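Everything below belongs to my_file_33.cif, which stores mmCIF, C-alpha atoms.
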```
data_start
loop_
_atom_site.label_atom_id
_atom_site.label_comp_id
_atom_site.auth_asym_id
_atom_site.auth_seq_id
_atom_site.Cartn_x
_atom_site.Cartn_y
_atom_site.Cartn_z
CA MET A 1 -9.87 45.40 -17.39
CA LEU A 2 -7.18 44.64 -19.90
CA ARG A 3 -4.54 45.55 -17.32
CA LEU A 4 -6.12 43.22 -14.75
CA PHE A 5 -6.06 40.40 -17.29
CA HIS A 6 -2.46 41.27 -18.10
CA ALA A 7 -1.47 41.11 -14.39
CA ILE A 8 -3.12 37.69 -13.98
CA VAL A 9 -1.41 36.23 -17.05
CA MET A 10 1.96 37.60 -15.95
CA GLY A 11 1.25 36.20 -12.48
CA LEU A 12 0.67 32.72 -13.91
CA ILE A 13 3.87 32.87 -15.96
CA GLY A 14 5.68 34.05 -12.83
CA ALA A 15 4.16 31.16 -10.89
CA GLY A 16 5.60 28.74 -13.44
CA ILE A 17 9.05 30.27 -13.06
CA VAL A 18 8.81 30.25 -9.25
CA HIS A 19 7.66 26.60 -9.42
CA LEU A 20 10.76 25.58 -11.38
CA VAL A 21 13.13 27.67 -9.25
CA ILE A 22 11.83 26.12 -6.02
CA LEU A 23 11.87 22.63 -7.53
CA PHE A 24 15.51 22.83 -8.60
CA LEU A 25 16.76 24.71 -5.54
CA LEU A 26 14.95 22.52 -3.01
CA PRO A 27 17.46 19.64 -3.03
CA ASN A 28 20.31 22.08 -2.32
CA TYR A 29 18.64 23.67 0.69
CA SER A 30 17.04 20.65 2.28
CA VAL A 31 18.00 19.84 5.86
CA ARG A 32 16.26 16.50 5.99
CA ASP A 33 18.37 14.76 3.35
CA ALA A 34 20.66 11.91 4.31
CA TRP A 35 23.86 13.90 3.70
CA THR A 36 22.89 16.72 6.07
CA GLN A 37 21.83 14.26 8.73
CA VAL A 38 25.01 12.20 8.51
CA SER A 39 27.03 15.46 8.52
CA SER A 40 25.36 16.53 11.76
CA VAL A 41 26.84 13.62 13.74
CA ALA A 42 30.00 12.57 11.96
CA ASP A 43 33.09 14.37 10.75
CA TYR A 44 34.77 13.52 7.46
CA TYR A 45 36.27 10.01 7.32
CA GLU A 46 34.58 9.06 10.59
CA THR A 47 32.63 5.81 10.36
CA VAL A 48 29.11 6.10 11.72
CA ARG A 49 26.74 3.17 12.20
CA LEU A 50 23.27 3.79 10.84
CA ARG A 51 21.53 1.24 12.96
CA GLY A 52 21.88 0.16 16.53
CA ASP A 53 20.89 1.16 20.02
CA ASN A 54 23.20 4.15 20.16
CA SER A 55 20.88 7.07 20.86
CA THR A 56 22.89 9.58 18.84
CA THR A 57 22.46 7.55 15.69
CA SER A 58 18.82 6.51 16.09
CA ALA A 59 17.61 9.72 14.43
CA LEU A 60 19.81 9.11 11.42
CA PRO A 61 18.47 7.72 8.18
CA HIS A 62 18.84 3.98 8.13
CA PRO A 63 17.91 1.18 5.75
CA ALA A 64 14.22 0.32 6.07
CA ASP A 65 14.93 -3.39 5.73
CA PRO A 66 15.08 -5.02 9.20
CA PHE A 67 17.71 -7.51 7.98
CA ILE A 68 20.12 -4.82 6.80
CA ASP A 69 22.63 -3.06 9.01
CA ALA A 70 24.71 -0.20 7.65
CA ALA A 71 27.60 2.17 8.26
CA ALA A 72 28.61 5.34 6.46
CA CYS A 73 31.48 7.78 6.24
CA ARG A 74 31.75 11.17 4.59
CA PHE A 75 34.50 12.08 2.16
CA ASN A 76 35.81 14.92 0.08
CA LEU A 77 37.90 13.80 -2.89
CA GLU A 78 39.69 17.15 -2.95
CA ASP A 79 41.63 15.78 0.04
CA GLY A 80 42.80 12.91 -2.14
CA MET A 81 41.44 9.49 -3.08
CA LEU A 82 39.23 7.77 -0.53
CA SER A 83 40.23 4.35 0.73
CA VAL A 84 37.45 2.23 2.26
CA ARG A 85 38.49 -0.95 4.04
CA GLY A 86 36.60 -3.47 6.07
CA GLN A 87 37.21 -7.02 7.12
CA GLY A 88 34.93 -9.87 8.06
CA ASP A 89 33.36 -12.92 6.51
CA ILE A 90 29.71 -11.95 6.22
CA PRO A 91 27.01 -13.30 3.88
CA PHE A 92 26.32 -10.20 1.81
CA TRP A 93 27.33 -6.57 1.61
CA THR A 94 26.91 -3.70 -0.81
CA LEU A 95 28.65 -0.38 -1.13
CA ALA A 96 27.04 2.78 -2.45
CA ILE A 97 28.33 6.30 -3.07
CA TYR A 98 25.85 9.04 -2.24
CA ASP A 99 26.36 12.63 -3.34
CA GLU A 100 25.90 15.72 -1.16
CA ARG A 101 22.15 15.71 -1.89
CA GLY A 102 21.77 12.15 -0.60
CA LEU A 103 21.27 10.60 -4.05
CA ASN A 104 22.67 7.15 -4.76
CA THR A 105 25.08 7.74 -7.65
CA PHE A 106 27.07 4.52 -7.75
CA SER A 107 26.77 1.11 -6.17
CA ILE A 108 28.39 -2.31 -6.17
CA SER A 109 27.67 -5.55 -4.38
CA ASP A 110 30.18 -7.96 -2.82
CA ARG A 111 30.00 -10.03 -6.01
CA VAL A 112 32.77 -7.85 -7.48
CA SER A 113 35.10 -8.44 -4.56
CA SER A 114 37.06 -11.58 -3.84
CA GLY A 115 37.36 -12.92 -0.34
CA PRO A 116 36.19 -11.52 2.98
CA LEU A 117 37.95 -8.25 2.48
CA LEU A 118 36.34 -4.99 1.44
CA ASP A 119 39.08 -2.86 -0.08
CA ALA A 120 37.88 -0.09 -2.33
CA VAL A 121 39.34 3.17 -3.53
CA VAL A 122 36.95 5.94 -4.56
CA LEU A 123 38.47 8.46 -6.91
CA THR A 124 37.72 11.05 -9.55
CA PRO A 125 38.45 10.38 -13.24
CA ILE A 126 41.44 12.74 -13.02
CA GLN A 127 42.89 10.87 -10.05
CA MET A 128 42.32 7.65 -12.00
CA GLN A 129 44.30 9.03 -14.95
CA ARG A 130 47.16 9.95 -12.66
CA LEU A 131 47.07 6.54 -11.04
CA LYS A 132 47.19 4.75 -14.39
CA ALA A 133 50.23 6.75 -15.39
CA ASP A 134 52.00 5.57 -12.26
CA GLU A 135 53.19 2.03 -12.82
CA ALA A 136 54.03 1.47 -9.15
CA ASN A 137 50.40 0.60 -8.47
CA GLU A 138 50.30 -2.50 -10.67
CA GLY A 139 49.28 -5.64 -8.87
CA ASP A 140 47.14 -3.76 -6.40
CA GLN A 141 44.03 -5.77 -5.53
CA SER A 142 41.83 -2.83 -4.50
CA LEU A 143 38.59 -2.08 -6.30
CA TYR A 144 38.84 1.26 -8.05
CA LEU A 145 35.53 3.10 -8.16
CA GLU A 146 35.53 6.12 -10.40
CA THR A 147 32.97 8.77 -9.56
CA SER A 148 32.11 12.33 -10.47
CA VAL A 149 30.98 12.99 -6.89
CA ILE A 150 33.53 15.22 -5.15
CA GLU A 151 31.86 15.48 -1.77
CA GLY A 152 29.52 12.81 -0.46
CA PHE A 153 29.35 9.72 1.67
CA VAL A 154 29.94 6.03 1.27
CA LEU A 155 27.32 3.67 2.68
CA VAL A 156 28.06 0.01 3.31
CA ARG A 157 25.05 -2.24 3.83
CA ALA A 158 25.41 -5.66 5.38
CA PHE A 159 22.90 -8.49 5.54
CA VAL A 160 22.11 -9.87 9.01
CA PRO A 161 20.37 -13.25 8.48
CA ASP A 162 19.46 -13.57 12.18
CA GLU A 163 20.53 -12.39 15.64
CA THR A 164 23.42 -14.85 15.84
CA TRP A 165 25.05 -13.02 12.93
CA GLN A 166 24.71 -9.59 14.52
CA PRO A 167 28.08 -9.61 16.38
CA LYS A 168 29.92 -10.66 13.23
CA VAL A 169 28.19 -8.07 11.06
CA SER A 170 28.73 -5.40 13.73
CA ALA A 171 32.41 -6.27 13.83
CA PHE A 172 32.58 -5.94 10.05
CA LEU A 173 30.87 -2.55 10.04
CA ASP A 174 32.91 -1.30 13.02
CA SER A 175 36.10 -2.36 11.23
CA LEU A 176 35.22 -0.08 8.36
CA GLN A 177 37.99 2.46 7.85
CA CYS A 178 37.79 5.46 5.59
CA GLU A 179 40.83 7.59 4.93
CA ALA A 180 42.04 10.06 2.38
CA LEU A 181 45.03 8.79 0.42
CA GLU A 182 47.60 11.35 -0.56
CA SER A 183 47.44 11.87 -4.28
CA GLN A 184 50.75 11.27 -5.95
CA MET B 1 -2.28 54.65 -8.69
CA ILE B 2 -3.96 52.40 -6.13
CA TYR B 3 -5.22 50.23 -8.94
CA ARG B 4 -1.72 49.90 -10.26
CA ALA B 5 -0.41 48.89 -6.82
CA PHE B 6 -3.23 46.38 -6.60
CA LEU B 7 -2.17 44.85 -9.93
CA VAL B 8 1.44 44.54 -8.76
CA VAL B 9 0.36 42.88 -5.52
CA LEU B 10 -1.95 40.56 -7.46
CA PHE B 11 0.91 39.62 -9.76
CA LEU B 12 3.22 38.84 -6.83
CA VAL B 13 0.58 36.82 -4.96
CA ILE B 14 -0.19 34.69 -8.02
CA ALA B 15 3.47 34.22 -8.95
CA ILE B 16 4.98 33.45 -5.52
CA GLY B 17 1.92 31.90 -3.89
CA GLY B 18 0.92 29.91 -6.95
CA GLY B 19 4.48 28.74 -7.60
CA ALA B 20 5.07 27.58 -4.03
CA TRP B 21 1.62 26.02 -3.71
CA SER B 22 1.95 24.07 -6.95
CA VAL B 23 5.35 22.63 -5.89
CA TRP B 24 3.89 21.59 -2.53
CA LEU B 25 0.89 20.06 -4.30
CA VAL B 26 3.02 17.93 -6.61
CA LEU B 27 5.50 16.83 -3.93
CA GLU B 28 3.10 16.16 -1.08
CA GLN B 29 -0.25 15.33 -2.61
CA ALA B 30 0.26 13.89 -6.07
CA PRO B 31 1.33 10.26 -6.50
CA PRO B 32 5.04 9.93 -7.33
CA PHE B 33 6.15 9.50 -10.93
CA GLY B 34 8.27 6.72 -12.40
CA LYS B 35 6.30 3.83 -10.93
CA LEU B 36 6.68 0.31 -12.31
CA THR B 37 3.95 -2.17 -11.45
CA SER B 38 3.43 -5.90 -11.72
CA GLY B 39 0.28 -7.28 -10.12
CA PRO B 40 0.11 -5.85 -6.60
CA TRP B 41 3.83 -4.94 -6.57
CA GLU B 42 5.11 -1.49 -7.32
CA ALA B 43 8.66 -0.21 -7.55
CA PHE B 44 10.46 3.10 -8.08
CA PRO B 45 13.83 1.92 -9.36
CA VAL B 46 15.32 5.33 -10.22
CA ALA B 47 13.95 7.21 -7.19
CA GLY B 48 16.80 8.55 -5.09
CA THR B 49 19.34 8.33 -7.89
CA PRO B 50 20.53 11.19 -10.13
CA ASN B 51 18.53 9.61 -12.99
CA ALA B 52 15.23 10.41 -11.31
CA ASP B 53 13.05 13.24 -12.60
CA PRO B 54 13.36 16.57 -10.69
CA TYR B 55 10.11 15.95 -8.81
CA SER B 56 11.15 12.50 -7.55
CA ARG B 57 14.55 13.93 -6.65
CA ALA B 58 13.08 16.78 -4.61
CA ARG B 59 10.64 14.39 -2.96
CA HIS B 60 13.41 11.97 -2.08
CA VAL B 61 15.70 14.65 -0.68
CA ARG B 62 12.86 15.94 1.49
CA SER B 63 12.11 12.49 2.87
CA GLY B 64 15.80 11.84 3.66
CA GLY B 65 15.72 8.19 2.64
CA LEU B 66 18.60 6.00 1.49
CA ALA B 67 17.71 4.61 -1.90
CA LEU B 68 19.16 1.35 -3.18
CA GLY B 69 21.30 1.65 -6.28
CA PRO B 70 20.82 -0.58 -9.33
CA SER B 71 23.73 -2.85 -8.37
CA GLU B 72 22.39 -3.25 -4.85
CA GLY B 73 18.79 -4.21 -5.48
CA ILE B 74 15.21 -3.13 -5.90
CA VAL B 75 12.38 -2.58 -3.43
CA LEU B 76 8.93 -3.89 -4.36
CA THR B 77 6.01 -2.73 -2.27
CA ALA B 78 2.45 -4.10 -2.20
CA HIS B 79 -0.39 -2.09 -0.67
CA THR B 80 -3.06 -4.48 -1.94
CA ASP B 81 -3.47 -8.21 -2.51
CA SER B 82 -3.56 -9.68 -6.00
CA SER B 83 -7.32 -9.11 -6.25
CA ASN B 84 -6.85 -5.42 -5.41
CA GLY B 85 -8.15 -5.53 -1.83
CA ALA B 86 -6.30 -3.29 0.66
CA LEU B 87 -3.94 -5.22 2.95
CA SER B 88 -5.22 -5.36 6.52
CA ARG B 89 -3.40 -6.61 9.62
CA ASN B 90 -6.60 -8.44 10.64
CA CYS B 91 -6.42 -10.76 7.65
CA THR B 92 -4.31 -13.75 6.72
CA TYR B 93 -2.46 -13.60 3.41
CA ARG B 94 -0.57 -16.18 1.48
CA ILE B 95 2.36 -15.01 -0.66
CA GLU B 96 3.16 -17.65 -3.25
CA GLY B 97 5.41 -17.80 -6.23
CA SER B 98 8.71 -18.93 -7.59
CA THR B 99 11.97 -17.64 -6.18
CA PRO B 100 12.68 -14.22 -7.68
CA PRO B 101 15.86 -13.90 -9.75
CA ALA B 102 18.04 -12.47 -7.00
CA ARG B 103 20.96 -13.62 -4.90
CA LEU B 104 19.08 -12.68 -1.79
CA TRP B 105 15.61 -11.42 -0.97
CA THR B 106 13.94 -10.19 2.17
CA LEU B 107 10.27 -9.72 2.91
CA TYR B 108 8.86 -7.62 5.73
CA VAL B 109 5.55 -6.16 6.76
CA ALA B 110 5.41 -2.40 7.30
CA ASP B 111 2.84 0.07 8.56
CA ALA B 112 1.18 2.57 6.22
CA GLN B 113 4.17 4.95 6.58
CA GLY B 114 6.64 2.25 5.54
CA ASN B 115 8.16 1.53 8.97
CA ALA B 116 8.86 -2.17 9.50
CA LEU B 117 6.55 -3.75 12.08
CA PRO B 118 8.33 -5.20 15.11
CA GLY B 119 6.37 -8.45 15.10
CA SER B 120 5.25 -10.46 18.08
CA LYS B 121 7.39 -11.73 20.97
CA GLN B 122 8.12 -15.09 19.36
CA LYS B 123 8.29 -14.14 15.71
CA ARG B 124 9.51 -11.27 13.55
CA SER B 125 7.31 -9.62 10.96
CA ALA B 126 9.86 -10.52 8.35
CA THR B 127 11.61 -13.36 6.60
CA HIS B 128 14.27 -13.79 3.92
CA SER B 129 15.48 -16.19 1.28
CA GLN B 130 17.82 -18.10 3.60
CA MET B 131 15.17 -18.44 6.29
CA ALA B 132 12.13 -19.38 4.22
CA VAL B 133 11.65 -23.06 3.42
CA LEU B 134 11.23 -23.75 -0.27
CA GLU B 135 8.80 -26.25 -1.76
CA ASN B 136 9.45 -28.29 -4.87
CA ASN B 137 10.53 -26.51 -8.08
CA ASN B 138 11.96 -23.59 -6.07
CA ARG B 139 8.52 -22.30 -5.21
CA PHE B 140 7.73 -20.79 -1.85
CA SER B 141 4.63 -20.05 0.16
CA ILE B 142 4.69 -17.55 3.03
CA ALA B 143 1.76 -16.91 5.35
CA VAL B 144 1.32 -13.39 6.75
CA SER B 145 -1.03 -13.68 9.69
CA SER B 146 -1.64 -12.74 13.32
CA HIS B 147 -2.22 -16.44 14.05
CA PRO B 148 0.63 -18.97 14.14
CA LEU B 149 0.65 -21.09 11.00
CA PRO B 150 2.81 -24.03 9.94
CA GLY B 151 5.45 -23.50 7.30
CA ASN B 152 6.81 -20.03 6.56
CA TRP B 153 4.98 -17.71 8.89
CA VAL B 154 5.42 -13.93 9.11
CA ALA B 155 3.73 -12.66 12.25
CA VAL B 156 1.76 -9.42 12.37
CA GLU B 157 0.15 -7.79 15.36
CA GLY B 158 -2.38 -5.02 15.80
CA ASP B 159 -4.83 -3.78 13.26
CA GLY B 160 -5.04 -1.23 10.51
CA ARG B 161 -3.52 -1.04 7.06
CA MET B 162 -0.17 -2.55 6.23
CA GLN B 163 2.14 -2.99 3.28
CA ILE B 164 4.31 -5.91 2.29
CA VAL B 165 7.81 -5.00 1.17
CA LEU B 166 9.84 -7.46 -0.89
CA THR B 167 13.45 -6.39 -1.45
CA LEU B 168 15.56 -8.20 -4.03
CA TYR B 169 19.32 -7.80 -3.59
CA ASP B 170 21.86 -8.26 -6.35
CA THR B 171 19.31 -8.84 -9.05
CA PRO B 172 19.21 -8.16 -12.79
CA LEU B 173 15.68 -6.86 -12.18
CA ALA B 174 16.98 -3.63 -10.64
CA ALA B 175 18.19 -2.45 -14.03
CA ALA B 176 14.99 -3.49 -15.81
CA SER B 177 12.65 -0.89 -17.20
CA GLN B 178 9.64 -3.19 -16.84
CA LEU B 179 8.50 -5.54 -14.14
CA SER B 180 5.74 -7.27 -16.05
CA GLU B 181 8.03 -9.76 -17.77
CA ILE B 182 9.03 -11.38 -14.50
CA SER B 183 6.62 -13.47 -12.50
CA LEU B 184 6.51 -11.98 -9.02
CA PRO B 185 4.72 -13.75 -6.15
CA THR B 186 0.96 -13.44 -5.79
CA ILE B 187 -0.71 -12.28 -2.58
CA THR B 188 -3.95 -14.10 -1.81
CA GLN B 189 -6.25 -13.29 1.07
CA ALA B 190 -7.15 -16.36 3.13
CA GLY B 191 -9.74 -15.12 5.57
CA CYS B 192 -10.03 -12.28 8.04
CA ASP B 193 -10.75 -11.99 11.76
CA ALA B 194 -14.21 -10.73 12.43
#
```
Just give me the structure of the file as structure tokens.
Amino acid sequence: MLRLFHAIVMGLIGAGIVHLVILFLLPNYSVRDAWTQVSSVADYYETVRLRGDNSTTSALPHPADPFIDAAACRFNLEDGMLSVRGQGDIPFWTLAIYDERGLNTFSISDRVSSGPLLDAVVLTPIQMQRLKADEANEGDQSLYLETSVIEGFVLVRAFVPDETWQPKVSAFLDSLQCEALESQ
Amino acid sequence: MIYRAFLVVLFLVIAIGGGAWSVWLVLEQAPPFGKLTSGPWEAFPVAGTPNADPYSRARHVRSGGLALGPSEGIVLTAHTDSSNGALSRNCTYRIEGSTPPARLWTLYVADAQGNALPGSKQKRSATHSQMAVLENNNRFSIAVSSHPLPGNWVAVEGDGRMQIVLTLYDTPLAAASQLSEISLPTITQAGCDA
């Protein structure tokens, strides 16, 4: 009897451990997360629209808000700093950095940028240090976004006030260019 | 010997089965943690960010959504009206209040799963801050109804439950730890179809 009781208690303790192991491993093995889904259709540094009539992208995660259109590109900062550029005079955009589990780790809105140009550089703290040491970069107007995410994707959301704005917003999102900059 | 084997099997069934079942129970059945509420509105500002608790994180990763970051905005969802009645597509609702502290807001009607409703042929089931006409003192009034109404009208079609989603973009609210200090719009039921 005592051994039965012992087995049940050990079972419950084991259940607690299994519970925690599954909970913390789940995000790493999920196939439904945004990162895995974006990875399935787009290579690194390839801009992919997350809304639109294109049938290959309709299964992708997209912003739930009907007035928001978006585009994303994957990056790996081990290849060097990521440059994100887009051009177009649109009412509102935001930029977010998602990690390889699909979690939003950093975001900005167009308030921080001046003019109709989106020009951001995503980089690690170490790359930032190196950049600061190099005086040749002074006067650069790019936004420098420091992140601890090595591998992830950048998502740019754009506000579409009504259908007449759609071509302009589409042009902005299609103009989005992601590329790895050679680290000095 | 058989008894001993039975005890080992019992241990494994409780540990693996119980562990897996309890995770499933919390992620699929239990209400999510970290909810902020104000009247009928609820928000999960840290969900989908690394600051979320492990349960919210696992839940978010499984759902594959794209959460808004604190600098982008905050999503407020209402499943009920201000007097706690469930929102039905057969009823007319009036959403009234002062303009929320945000550079931009959008409002759309979604089904129970959170998918935005397409609206009718003439009208979308959604509006936003640049489309809605404001009254005096920066107040607004939006009607959500299946019947055309003057003023700001958000069209719904069909029947069944619905939710109203108000998204505030570029707002100081997204970094707030409480919603109660800000006056969010009220949702009042104004009659239902028989």
- Message: Between A:Gly86, A:Pro167, A:Pro66, A:Gly80, which residue has the minimum interatomic distance to chain B, considering only C-alpha atoms?
- Response: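 When distances to chain B are compared using only C-alpha atoms, the smallest one comes from A:Pro66.
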- Task: With the file shown as input, list the residues that the PyMOL selection byres ((chain B) within 6 of (chain A)) selects, as a PyMOL selection string.
- Result: chain B and resi 7+11+14-16+18-19+23+48-49+58+61-62+64+69+71-72
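Between Val41 in chain A and the residues A:Glu182, A:Arg74, A:Leu2, A:Asp69, the shortest atom-to-atom distance, using only C-alpha atoms, involves A:Arg74.
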- Item | For CA of Cys91 in chain B and CA of Ile182 in chain B, the interatomic separation in Å (one decimal) | 27.0 Å
- Message: Just the number, please: distance in Å from CA of Ala143 in chain B to CA of Thr92 in chain B, one decimal.
- Response: 7.0 Å
- Go ahead and find all residues with at least one atom no further than 7 Å from (-1.2, -7.5, 4.5) in the file's coordinates, using only C-alpha atoms; report them as a VMD selection string. chain B and resid 87 to 89 91 93 144 162 to 164
Keeping C-alpha atoms, export the residues of the selection given above as a compact mmCIF listing (two decimals), keeping the file's coordinate frame.
```txt
# COMPACT_ATOMS: atom_id res chain seq x y z
CA LEU B 87 -3.94 -5.22 2.95
CA SER B 88 -5.22 -5.36 6.52
CA ARG B 89 -3.40 -6.61 9.62
CA CYS B 91 -6.42 -10.76 7.65
CA TYR B 93 -2.46 -13.60 3.41
CA VAL B 144 1.32 -13.39 6.75
CA MET B 162 -0.17 -2.55 6.23
CA GLN B 163 2.14 -2.99 3.28
CA ILE B 164 4.31 -5.91 2.29
```
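Residue selection for this entry, given the PyMOL selection byres ((chain B and resi 102) around 6), comprises B:Pro100, B:Pro101, B:Arg103, B:Leu104, B:Leu168, B:Tyr169, B:Asp170, B:Thr171.
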- Looking at B:Ser82, B:Ser141, B:Ser177, B:Ser183, which one is nearest to Glu96 in chain B, with distances taken over all atoms listed in the file? B:Ser141
- Message: One number please: CA of Leu176 in chain A to CA of Ala72 in chain A, in Å, one decimal.
- Response: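 Going from CA of Leu176 in chain A over to CA of Ala72 in chain A covers 8.8 Å.
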- Quick one: residues within 7 Å of Thr167 in chain B, all atoms listed in the file counted, chain neighbours fewer than 3 positions away excluded, as an MDAnalysis selection string? chainID B and resid 74:76 105:107
Selection from above, C-alpha atoms, as a short mmCIF file (atom, residue, chain, number, x, y, z; two decimals), in the frame of the given file, can you write it?
```cif
data_model
loop_
_atom_site.label_atom_id
_atom_site.label_comp_id
_atom_site.auth_asym_id
_atom_site.auth_seq_id
_atom_site.Cartn_x
_atom_site.Cartn_y
_atom_site.Cartn_z
CA ILE B 74 15.21 -3.13 -5.90
CA VAL B 75 12.38 -2.58 -3.43
CA LEU B 76 8.93 -3.89 -4.36
CA TRP B 105 15.61 -11.42 -0.97
CA THR B 106 13.94 -10.19 2.17
CA LEU B 107 10.27 -9.72 2.91
#
```
- Could you tell me which residues the PyMOL selection byres ((chain B and resi 187) around 7) returns for this structure, as a VMD selection string? chain B and resid 81 to 82 93 to 96 185 to 186 188 to 189
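Distance check against Val149 in chain A using only C-alpha atoms: of A:Val84, A:Val122, A:Leu50, A:Cys178, the minimum falls on A:Val122.
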- Task: Tell me which protein, DNA and RNA residues are within 7 Å of Ser175 in chain A, counting all atoms listed in the file, leaving out same-chain ones fewer than 2 positions away, and put them as a list of chain:residue names.
- Result: A:Gly86, A:Gln87, A:Ala171, A:Phe172, A:Leu173, A:Gln177
- Note on the structure: Among A:Glu146, A:Asp140, A:Glu78, A:Glu100, Pro125 in chain A is approached most closely, using all atoms listed in the file, by A:Glu146
- Message: Ranking A:Ile90, A:Leu143, A:Cys73, A:Val38 by minimum distance to Ser113 in chain A and counting all atoms listed in the file, which one comes first?
- Response: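 Among the listed residues, A:Leu143 lies closest to Ser113 in chain A.
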- Task: Can you pull out every residue within 8 Å of Ala47 in chain B, counting all atoms listed in the file, but drop anything in the same chain fewer than 6 positions away, and send it as a list in words?
- Result: Gly34, Ser56, Arg57, His60 and Ala67 of chain B
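Residues with any atom within 7 Å of Leu82 in chain A, counting all atoms listed in the file and excluding same-chain neighbours fewer than 3 positions away, are Phe75, Leu77, Val121, Val122, Leu123, Cys178, Glu179, Ala180 and Leu181 of chain A.
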